[in-house]
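See below for model_1.cif, which holds mmCIF, C-alpha atoms.
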```cif
data_start
#
loop_
_atom_site.label_atom_id
_atom_site.label_comp_id
_atom_site.auth_asym_id
_atom_site.auth_seq_id
_atom_site.Cartn_x
_atom_site.Cartn_y
_atom_site.Cartn_z
CA MET A 22 7.22 -4.72 41.78
CA LYS A 23 8.40 -8.25 42.38
CA GLY A 24 11.59 -8.87 40.40
CA GLY A 25 12.46 -5.18 40.25
CA THR A 26 10.03 -4.16 37.49
CA GLU A 27 9.18 -0.47 37.63
CA PHE A 28 6.38 1.50 36.01
CA ARG A 29 6.71 5.26 35.54
CA PHE A 30 4.26 7.62 33.95
CA VAL A 31 6.04 10.36 32.00
CA THR A 32 4.29 13.37 30.48
CA GLU A 33 7.33 15.11 28.96
CA GLY A 34 7.26 13.13 25.71
CA ILE A 35 8.70 9.94 24.28
CA HIS A 36 12.36 11.02 24.32
CA ALA A 37 12.21 11.91 28.03
CA ALA A 38 10.40 8.66 28.79
CA LEU A 39 13.01 6.63 26.90
CA GLU A 40 15.90 8.35 28.67
CA GLN A 41 14.32 7.68 32.07
CA ALA A 42 13.68 4.05 31.13
CA LYS A 43 17.27 3.53 29.95
CA ALA A 44 18.64 5.10 33.14
CA ALA A 45 16.42 2.89 35.30
CA ALA A 46 17.23 -0.27 33.31
CA GLY A 47 20.98 0.13 33.30
CA PRO A 48 22.39 -2.70 31.11
CA ARG A 49 19.01 -4.48 30.82
CA ASP A 50 16.50 -4.18 27.98
CA VAL A 51 13.76 -1.57 28.03
CA ARG A 52 10.26 -2.70 27.05
CA LEU A 53 7.67 -0.32 25.72
CA GLY A 54 4.23 -0.35 27.30
CA GLY A 55 1.16 1.32 25.96
CA GLY A 56 -1.34 1.09 23.19
CA VAL A 57 -1.16 1.44 19.43
CA ALA A 58 -0.69 5.23 19.55
CA VAL A 59 2.40 4.87 21.78
CA VAL A 60 3.98 2.18 19.59
CA ARG A 61 3.28 4.23 16.44
CA GLU A 62 4.95 7.29 17.96
CA TYR A 63 8.10 5.36 18.86
CA LEU A 64 8.17 3.59 15.46
CA GLN A 65 7.84 6.87 13.57
CA ALA A 66 10.77 8.26 15.57
CA ALA A 67 12.75 5.04 14.81
CA LEU A 68 13.36 4.55 18.54
CA ILE A 69 12.37 0.87 18.67
CA ASP A 70 15.23 -1.59 18.14
CA GLU A 71 13.01 -4.68 17.91
CA LEU A 72 9.24 -5.12 17.73
CA HIS A 73 7.54 -8.48 18.27
CA LEU A 74 4.06 -8.61 16.76
CA ALA A 75 1.70 -11.52 17.34
CA VAL A 76 -0.77 -11.37 14.44
CA ARG A 77 -3.97 -13.34 14.74
CA PRO A 78 -6.71 -13.28 12.10
CA VAL A 79 -9.59 -12.04 14.23
CA LEU A 80 -12.07 -9.44 13.05
CA LEU A 81 -12.42 -6.87 15.80
CA GLY A 82 -14.19 -4.09 13.94
CA SER A 83 -12.87 -0.57 14.23
CA GLY A 84 -9.84 0.50 16.19
CA GLU A 85 -6.38 1.92 15.75
CA ASN A 86 -4.29 0.69 12.83
CA LEU A 87 -0.71 -0.01 13.94
CA LEU A 88 1.15 0.34 10.65
CA ASN A 89 -1.15 2.53 8.53
CA GLY A 90 0.93 5.31 6.93
CA ILE A 91 4.21 4.10 8.44
CA ASP A 92 6.92 3.18 5.92
CA ALA A 93 8.89 0.84 8.18
CA ARG A 94 11.51 0.12 5.49
CA ALA A 95 12.19 3.84 5.00
CA LEU A 96 12.56 4.20 8.78
CA GLY A 97 15.25 1.50 8.78
CA TYR A 98 13.24 -1.56 9.80
CA GLU A 99 13.22 -5.01 8.26
CA CYS A 100 11.29 -8.20 8.92
CA ALA A 101 13.90 -10.26 10.74
CA GLU A 102 11.67 -13.26 11.46
CA SER A 103 8.21 -14.57 10.67
CA LEU A 104 7.16 -17.63 12.61
CA PRO A 105 3.76 -19.23 11.99
CA GLY A 106 2.16 -20.62 15.13
CA GLU A 107 -0.98 -22.54 15.89
CA ARG A 108 -3.02 -19.45 16.82
CA ALA A 109 -0.92 -16.52 15.61
CA THR A 110 1.94 -15.58 13.33
CA HIS A 111 4.83 -13.96 15.15
CA VAL A 112 6.61 -11.23 13.23
CA ILE A 113 9.84 -9.64 14.45
CA LEU A 114 10.69 -6.22 13.03
CA ARG A 115 14.24 -5.15 13.72
CA LYS A 116 16.10 -1.92 13.02
CA ARG A 117 18.76 -2.57 10.39
CA ALA A 118 22.36 -2.14 11.45
CA VAL A 119 23.94 1.09 10.30
CA ARG A 120 26.63 0.41 7.74
#
```
As structure tokens, what does this structure read like?
Amino acid sequence: MKGGTEFRFVTEGIHAALEQAKAAAGPRDVRLGGGVAVVREYLQAALIDELHLAVRPVLLGSGENLLNGIDARALGYECAESLPGERATHVILRKRAVR
């Protein structure tokens, strides 16, 4: 794509997808694409370094719950920032540094 962005569809699992993404990105950041199920899988494996959530109080009915049953603190995550905005609150979860 314009600017060098690539999309690849990997069926060998999240670890294979992450390795391919890192190889393709070189020194640049890798961004995760997908729905709630994909993000949950990577969070549960503690493979996300930083997660930016834009939380907006809108009732959408049923759907997938992003954090239900995930103990982010036990997985090594902390809330690094919480920034209230006009239409959403932005929450940054970051993996704690290993000491």
(message) Show me, as a VMD selection string, the residues that have an atom within 12 Å of Phe30 (chain A) when counting all atoms listed in the file, minus same-chain residues fewer than 6 positions from it.
(response) chain A and resid 37 to 39 41 to 42 53 to 55
(message) My list of candidates is A:Glu33, A:His73, A:Asn86, A:Leu68. Which is closest to Gly56 (chain A) when distances are computed with all atoms listed in the file?
(response) A:Asn86
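Shortest separation to Ile69 (chain A) among A:Leu114, A:Cys100, A:Ala95, A:Ala44 occurs at residue A:Leu114, atoms counted being all atoms listed in the file.
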(message) Need the shell around Ala109 (chain A): protein/DNA/RNA residues with any atom at most 9 Å away, counting all atoms listed in the file. Skip same-chain ones fewer than 2 positions apart. Format as number ranges by chain?
(response) A: 75-78, 104-107, 111
(request) Could you please determine the separation between CA of Arg94 (chain A) and CA of Glu40 (chain A) in Å, to one decimal place? (result) 25.0 Å
(message) Would you pick out the contacts of Ala58 (chain A) at 10 Å or less, using all atoms listed in the file, so that residues sharing its chain but fewer than 4 positions from it are not included, and give the list as a ChimeraX atom specification?
(response) /A:62-64,85-87
(request) Considering only C-alpha atoms, state which residue in the set A:Gly90, A:Gly82, A:Asp70, A:Ile35 is at the smallest distance from Arg115 (chain A). (result)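 That would be A:Asp70, the residue with the smallest distance to Arg115 (chain A).
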(message) Report, in Å to a single decimal, how far apart CA of Ala67 (chain A) and CA of Val79 (chain A) are.
(response)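 Computed distance, CA of Val79 (chain A) to CA of Ala67 (chain A), equals 28.1 Å.
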(request) Tell me which residues the PyMOL selection byres ((chain A and resi 98) around 6) grabs here, as a list of chain:residue names. (result)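 Applying the PyMOL selection byres ((chain A and resi 98) around 6) to the structure shown produces A:Ala93, A:Arg94, A:Leu96, A:Gly97, A:Glu99, A:Arg115, A:Lys116, A:Arg117.
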(message) Nearest residue to Ala101 (chain A) out of A:Gln65, A:Ile113, A:Val60, A:Val51, using all atoms listed in the file?
(response)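 The shortest atom-to-atom distance to Ala101 (chain A) comes from A:Ile113.
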(request) Identify which of the residues A:Gly84, A:Arg49, A:Asn89, A:Leu72 lies closest to Ser103 (chain A), counting all atoms listed in the file when measuring atom-to-atom distances. (result)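 Selected residue with least distance to Ser103 (chain A): A:Leu72.
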(request) Using all atoms listed in the file, pick whichever of A:Glu71, A:Arg52, A:Thr26, A:Lys43 has the shortest atom-to-atom distance to Val112 (chain A). (result) A:Glu71
(request) Please indicate the distance in Å from CA of Val31 (chain A) to CA of Val59 (chain A), rounded to one decimal place. (result) 12.2 Å
As AutoDock Vina command-line options, please report the centre and edge lengths, rounded to one decimal in Å, of the axis-aligned box that holds all listed atoms of region 100-111 of chain A with 8 Å of padding on each of the six sides.
```
--center_x 5.4 --center_y -15.4 --center_z 12.9 --size_x 32.9 --size_y 30.3 --size_z 23.9
```
